[in-house]
Amino acid sequence: MAENKEALIKKDRLRFTKNKMSSTLIILAIVVNALYFVSIYRTDVGTYYYNITIGASVLYNLIFMLVAFLTSEGVKNYKMSYSYVSIVLGILQIARIFYLPAEAHNTPNPMVGSENEMVMSGEQFTYVTVCLCLSAVLLVCAGIVGIMKTTTLNNYKAELEKKQ
């Protein structure tokens with residue numbers, strides 16, 4: 001009976017508190033994404049990054065951070081659709097690994113002229129890949145937690161409606 005009462009109190013508290021866990025996970029994903037793009041944009045390898053690809057990357061990062069912040073506010077207020085957006089953003093973070101980082105890691109550095117030295121070193125590639133993967137995991141976890149908490153809250157509200 002005591003466990004049941006505690007579970008009921010937990011559900012009831014959801015009505016009066018924000019989903020801070022999901023929101024915080026998304027904010028952390030934004031911070032990790034910032035570490036990713038700082039690593040990419042501070043790299044100086046001649047004119048390799050001075051093209052439309054880097055422009056698209058900068059634009060994507062700005063849009064990503066804006067959407068992710070909006071998503072953090074949505075999941076904080078138990079809006080189910082934002083939980084799904086968080087999961088989609090996480091999947092897109094994984095897909096990004098195969099775009100700019102993978103291309104730079106597999107392209108010979110034009111400044112060196114050697115076939116063995118790439119635009120992006122193995123260490124930097126590992127670092128940016130870990131950043132994107134960590135950001136993706138944080139976003140997906142935030143989405144899953146958001147779905148679970150929102151479902152619990154919605155079911156509890158439905159129970160309360162039936163009792164009245």
# chains A, B, ... in the order shown; residues from 1 in each chain; ligands from 1
call {"tool": "select_by_dssp", "arguments": {"residues": "segment 20-105 of chain A", "states": "alpha helix (DSSP H)", "output": "MDAnalysis selection string"}}
result
chainID A and resid 20:41 52:76 80:96 100:105
call {"tool": "closest_atom_pairs", "arguments": {"of": "segment 56-91 of chain A", "to": "segment 99-111 of chain A", "cutoff": "12 Å", "atoms": "only C-alpha atoms", "output": "JSON lines"}}
result
{"residue": "A:Ala56", "atom": "CA", "partner": "A:Leu100", "partner_atom": "CA", "distance": 10.1}
{"residue": "A:Ser57", "atom": "CA", "partner": "A:Leu100", "partner_atom": "CA", "distance": 7.9}
{"residue": "A:Val58", "atom": "CA", "partner": "A:Leu100", "partner_atom": "CA", "distance": 11.2}
{"residue": "A:Tyr60", "atom": "CA", "partner": "A:Leu100", "partner_atom": "CA", "distance": 11.7}
call {"tool": "atom_distance", "arguments": {"atom1": "atom CA of Asn19 of chain A", "atom2": "atom CA of Cys133 of chain A"}}
result
23.2 Å
call {"tool": "closest_atom_pairs", "arguments": {"of": "segment 7-119 of chain A", "to": "segment 150-162 of chain A", "cutoff": "10 Å", "atoms": "only C-alpha atoms", "output": "JSON lines"}}
result
{"residue": "A:Leu8", "atom": "CA", "partner": "A:Tyr156", "partner_atom": "CA", "distance": 8.9}
{"residue": "A:Lys10", "atom": "CA", "partner": "A:Leu153", "partner_atom": "CA", "distance": 9.8}
{"residue": "A:Lys11", "atom": "CA", "partner": "A:Leu153", "partner_atom": "CA", "distance": 6.4}
{"residue": "A:Asp12", "atom": "CA", "partner": "A:Tyr156", "partner_atom": "CA", "distance": 7.6}
{"residue": "A:Arg13", "atom": "CA", "partner": "A:Leu153", "partner_atom": "CA", "distance": 9.2}
{"residue": "A:Leu14", "atom": "CA", "partner": "A:Leu153", "partner_atom": "CA", "distance": 6.2}
{"residue": "A:Arg15", "atom": "CA", "partner": "A:Leu153", "partner_atom": "CA", "distance": 6.9}
{"residue": "A:Asn19", "atom": "CA", "partner": "A:Thr150", "partner_atom": "CA", "distance": 8.8}
{"residue": "A:Val75", "atom": "CA", "partner": "A:Thr150", "partner_atom": "CA", "distance": 8.5}
{"residue": "A:Lys76", "atom": "CA", "partner": "A:Thr150", "partner_atom": "CA", "distance": 9.8}
{"residue": "A:Asn77", "atom": "CA", "partner": "A:Thr150", "partner_atom": "CA", "distance": 8.9}
{"residue": "A:Tyr78", "atom": "CA", "partner": "A:Thr150", "partner_atom": "CA", "distance": 5.2}
{"residue": "A:Lys79", "atom": "CA", "partner": "A:Thr150", "partner_atom": "CA", "distance": 7.0}
{"residue": "A:Met80", "atom": "CA", "partner": "A:Thr150", "partner_atom": "CA", "distance": 6.3}
{"residue": "A:Ser83", "atom": "CA", "partner": "A:Thr150", "partner_atom": "CA", "distance": 8.9}
call {"tool": "write_last_selection", "arguments": {"atoms": "all heavy atoms", "output": "compact mmCIF listing (two decimals), in the first residue's frame"}}
result
# COMPACT_ATOMS: atom_id res chain seq x y z
N LEU A 8 1.44 7.09 -6.54
CA LEU A 8 0.35 8.04 -6.78
C LEU A 8 0.83 9.47 -6.54
O LEU A 8 0.50 10.37 -7.32
CB LEU A 8 -0.83 7.70 -5.87
CG LEU A 8 -2.10 8.49 -6.11
CD1 LEU A 8 -2.65 8.21 -7.51
CD2 LEU A 8 -3.14 8.13 -5.06
N LYS A 10 3.90 10.51 -6.83
CA LYS A 10 4.81 10.83 -7.95
C LYS A 10 4.02 11.28 -9.17
O LYS A 10 4.38 12.25 -9.84
CB LYS A 10 5.65 9.61 -8.31
CG LYS A 10 7.03 9.60 -7.78
CD LYS A 10 7.79 8.40 -8.32
CE LYS A 10 9.25 8.68 -8.27
NZ LYS A 10 10.05 7.57 -8.73
N LYS A 11 2.96 10.55 -9.49
CA LYS A 11 2.13 10.91 -10.64
C LYS A 11 1.48 12.27 -10.42
O LYS A 11 1.42 13.10 -11.33
CB LYS A 11 1.03 9.87 -10.86
CG LYS A 11 1.48 8.57 -11.43
CD LYS A 11 0.27 7.66 -11.61
CE LYS A 11 0.64 6.25 -11.88
NZ LYS A 11 -0.56 5.39 -12.00
N ASP A 12 0.98 12.51 -9.22
CA ASP A 12 0.30 13.76 -8.93
C ASP A 12 1.26 14.94 -9.00
O ASP A 12 0.90 16.02 -9.46
CB ASP A 12 -0.37 13.69 -7.56
CG ASP A 12 -1.43 14.76 -7.39
OD1 ASP A 12 -2.27 14.91 -8.31
OD2 ASP A 12 -1.43 15.44 -6.34
N ARG A 13 2.50 14.71 -8.60
CA ARG A 13 3.50 15.78 -8.66
C ARG A 13 3.78 16.23 -10.09
O ARG A 13 4.13 17.38 -10.32
CB ARG A 13 4.81 15.32 -8.01
CG ARG A 13 4.80 15.40 -6.51
CD ARG A 13 6.18 15.13 -6.00
NE ARG A 13 7.13 15.95 -6.74
CZ ARG A 13 8.04 16.73 -6.18
NH1 ARG A 13 8.15 16.76 -4.90
NH2 ARG A 13 8.87 17.43 -6.91
N LEU A 14 3.65 15.31 -11.04
CA LEU A 14 3.89 15.66 -12.44
C LEU A 14 2.99 16.80 -12.90
O LEU A 14 3.38 17.59 -13.76
CB LEU A 14 3.67 14.44 -13.35
CG LEU A 14 4.70 13.32 -13.27
CD1 LEU A 14 4.28 12.15 -14.16
CD2 LEU A 14 6.08 13.81 -13.65
N ARG A 15 1.80 16.90 -12.30
CA ARG A 15 0.88 17.97 -12.70
C ARG A 15 1.42 19.35 -12.31
O ARG A 15 1.04 20.35 -12.92
CB ARG A 15 -0.49 17.77 -12.04
CG ARG A 15 -1.20 16.54 -12.51
CD ARG A 15 -2.62 16.46 -12.01
NE ARG A 15 -2.74 16.67 -10.57
CZ ARG A 15 -3.84 17.07 -9.96
NH1 ARG A 15 -4.93 17.32 -10.66
NH2 ARG A 15 -3.87 17.20 -8.65
N ASN A 19 9.21 19.09 -16.55
CA ASN A 19 10.06 17.96 -16.92
C ASN A 19 11.49 18.49 -17.11
O ASN A 19 11.97 18.67 -18.22
CB ASN A 19 9.54 17.31 -18.20
CG ASN A 19 10.34 16.09 -18.60
OD1 ASN A 19 11.30 15.72 -17.94
ND2 ASN A 19 9.94 15.47 -19.68
N VAL A 75 9.42 20.00 -24.17
CA VAL A 75 9.40 18.80 -23.33
C VAL A 75 9.30 19.17 -21.86
O VAL A 75 8.74 18.41 -21.07
CB VAL A 75 10.61 17.85 -23.56
CG1 VAL A 75 10.61 17.30 -24.96
CG2 VAL A 75 11.92 18.49 -23.22
N LYS A 76 9.81 20.33 -21.51
CA LYS A 76 9.71 20.78 -20.12
C LYS A 76 8.24 20.92 -19.71
O LYS A 76 7.89 20.71 -18.56
CB LYS A 76 10.43 22.12 -19.95
CG LYS A 76 10.57 22.56 -18.52
CD LYS A 76 11.08 23.98 -18.36
CE LYS A 76 12.41 24.21 -18.95
NZ LYS A 76 12.92 25.57 -18.71
N ASN A 77 7.40 21.26 -20.68
CA ASN A 77 5.96 21.45 -20.42
C ASN A 77 5.12 20.26 -20.84
O ASN A 77 3.92 20.40 -21.08
CB ASN A 77 5.49 22.72 -21.13
CG ASN A 77 6.11 23.95 -20.51
OD1 ASN A 77 6.02 24.17 -19.32
ND2 ASN A 77 6.79 24.74 -21.32
N TYR A 78 5.74 19.09 -20.95
CA TYR A 78 5.05 17.83 -21.23
C TYR A 78 4.27 17.84 -22.55
O TYR A 78 3.16 17.36 -22.63
CB TYR A 78 4.12 17.45 -20.08
CG TYR A 78 4.83 17.24 -18.77
CD1 TYR A 78 4.80 18.22 -17.78
CD2 TYR A 78 5.55 16.08 -18.54
CE1 TYR A 78 5.47 18.04 -16.59
CE2 TYR A 78 6.22 15.89 -17.34
CZ TYR A 78 6.18 16.88 -16.37
OH TYR A 78 6.84 16.69 -15.18
N LYS A 79 4.86 18.38 -23.57
CA LYS A 79 4.25 18.34 -24.90
C LYS A 79 4.86 17.16 -25.66
O LYS A 79 6.05 17.13 -25.95
CB LYS A 79 4.48 19.65 -25.64
CG LYS A 79 3.94 20.86 -24.90
CD LYS A 79 3.29 21.80 -25.83
CE LYS A 79 2.86 23.09 -25.26
NZ LYS A 79 2.13 23.20 -24.13
N MET A 80 4.03 16.17 -25.97
CA MET A 80 4.49 14.91 -26.54
C MET A 80 5.22 15.10 -27.87
O MET A 80 6.23 14.44 -28.12
CB MET A 80 3.30 13.96 -26.73
CG MET A 80 3.67 12.59 -27.23
SD MET A 80 4.55 11.59 -26.03
CE MET A 80 3.19 10.99 -25.06
N SER A 83 8.89 15.64 -27.69
CA SER A 83 9.68 14.46 -27.35
C SER A 83 10.08 13.72 -28.63
O SER A 83 11.21 13.25 -28.76
CB SER A 83 8.89 13.53 -26.44
OG SER A 83 8.63 14.16 -25.21
call {"tool": "closest_residue", "arguments": {"among": "A:Gln93, A:Thr126, A:Ser72, A:Thr53", "to": "Asn33 of chain A", "atoms": "only C-alpha atoms"}}
result
A:Gln93
call {"tool": "decode", "arguments": {"residues": "segment 99-121 of chain A", "atoms": "N, CA, C and O atoms", "output": "short mmCIF file (atom, residue, chain, number, x, y, z; two decimals), in the first residue's frame"}}
result
data_model
loop_
_atom_site.label_atom_id
_atom_site.label_comp_id
_atom_site.auth_asym_id
_atom_site.auth_seq_id
_atom_site.Cartn_x
_atom_site.Cartn_y
_atom_site.Cartn_z
N TYR A 99 28.58 13.16 -43.07
CA TYR A 99 28.62 14.29 -43.98
C TYR A 99 29.97 15.00 -43.89
O TYR A 99 30.93 14.56 -44.50
N LEU A 100 30.09 16.04 -43.14
CA LEU A 100 31.31 16.84 -43.08
C LEU A 100 32.48 16.11 -42.44
O LEU A 100 33.57 16.05 -43.03
N PRO A 101 32.34 15.51 -41.25
CA PRO A 101 33.50 14.85 -40.64
C PRO A 101 34.05 13.69 -41.48
O PRO A 101 35.27 13.58 -41.67
N ALA A 102 33.19 12.84 -41.99
CA ALA A 102 33.66 11.68 -42.76
C ALA A 102 34.34 12.12 -44.06
O ALA A 102 35.39 11.57 -44.44
N GLU A 103 33.76 13.14 -44.73
CA GLU A 103 34.38 13.64 -45.96
C GLU A 103 35.76 14.23 -45.67
O GLU A 103 36.71 13.97 -46.40
N ALA A 104 35.85 15.05 -44.62
CA ALA A 104 37.13 15.68 -44.30
C ALA A 104 38.16 14.64 -43.86
O ALA A 104 39.35 14.78 -44.14
N HIS A 105 37.70 13.61 -43.19
CA HIS A 105 38.62 12.57 -42.73
C HIS A 105 39.14 11.70 -43.88
O HIS A 105 40.23 11.13 -43.79
N ASN A 106 38.38 11.63 -44.96
CA ASN A 106 38.78 10.80 -46.10
C ASN A 106 39.37 11.59 -47.26
O ASN A 106 39.64 11.03 -48.31
N THR A 107 39.58 12.90 -47.09
CA THR A 107 40.13 13.75 -48.14
C THR A 107 41.58 14.11 -47.81
O THR A 107 41.86 14.60 -46.72
N PRO A 108 42.50 13.90 -48.75
CA PRO A 108 43.91 14.30 -48.51
C PRO A 108 44.02 15.81 -48.32
O PRO A 108 43.31 16.59 -48.97
N ASN A 109 44.89 16.22 -47.41
CA ASN A 109 45.10 17.63 -47.10
C ASN A 109 45.79 18.31 -48.28
O ASN A 109 46.92 17.98 -48.62
N PRO A 110 45.14 19.32 -48.90
CA PRO A 110 45.74 19.99 -50.05
C PRO A 110 46.97 20.83 -49.70
O PRO A 110 47.81 21.09 -50.55
N MET A 111 47.10 21.23 -48.45
CA MET A 111 48.25 22.05 -48.04
C MET A 111 49.52 21.22 -47.89
O MET A 111 50.61 21.74 -48.06
N VAL A 112 49.38 19.96 -47.58
CA VAL A 112 50.54 19.11 -47.35
C VAL A 112 50.97 18.44 -48.64
O VAL A 112 52.16 18.30 -48.90
N GLY A 113 50.02 18.03 -49.44
CA GLY A 113 50.34 17.38 -50.69
C GLY A 113 50.63 15.90 -50.55
O GLY A 113 50.99 15.23 -51.50
N SER A 114 50.46 15.37 -49.36
CA SER A 114 50.70 13.96 -49.11
C SER A 114 49.38 13.20 -49.14
O SER A 114 48.37 13.69 -48.67
N GLU A 115 49.40 12.03 -49.71
CA GLU A 115 48.20 11.18 -49.76
C GLU A 115 47.87 10.62 -48.38
O GLU A 115 46.76 10.18 -48.13
N ASN A 116 48.85 10.63 -47.46
CA ASN A 116 48.67 10.00 -46.15
C ASN A 116 48.10 10.95 -45.10
O ASN A 116 47.59 10.50 -44.09
N GLU A 117 48.20 12.25 -45.30
CA GLU A 117 47.69 13.20 -44.32
C GLU A 117 46.36 13.75 -44.79
O GLU A 117 46.26 14.31 -45.88
N MET A 118 45.35 13.58 -43.98
CA MET A 118 44.00 13.98 -44.34
C MET A 118 43.65 15.36 -43.80
O MET A 118 44.33 15.88 -42.91
N VAL A 119 42.59 15.94 -44.34
CA VAL A 119 42.13 17.25 -43.88
C VAL A 119 41.81 17.20 -42.39
O VAL A 119 42.17 18.08 -41.63
N MET A 120 41.12 16.13 -41.98
CA MET A 120 40.79 15.96 -40.57
C MET A 120 41.57 14.77 -40.04
O MET A 120 41.46 13.66 -40.55
N SER A 121 42.35 15.01 -39.01
CA SER A 121 43.16 13.94 -38.43
C SER A 121 42.28 12.89 -37.77
O SER A 121 41.10 13.14 -37.48
#
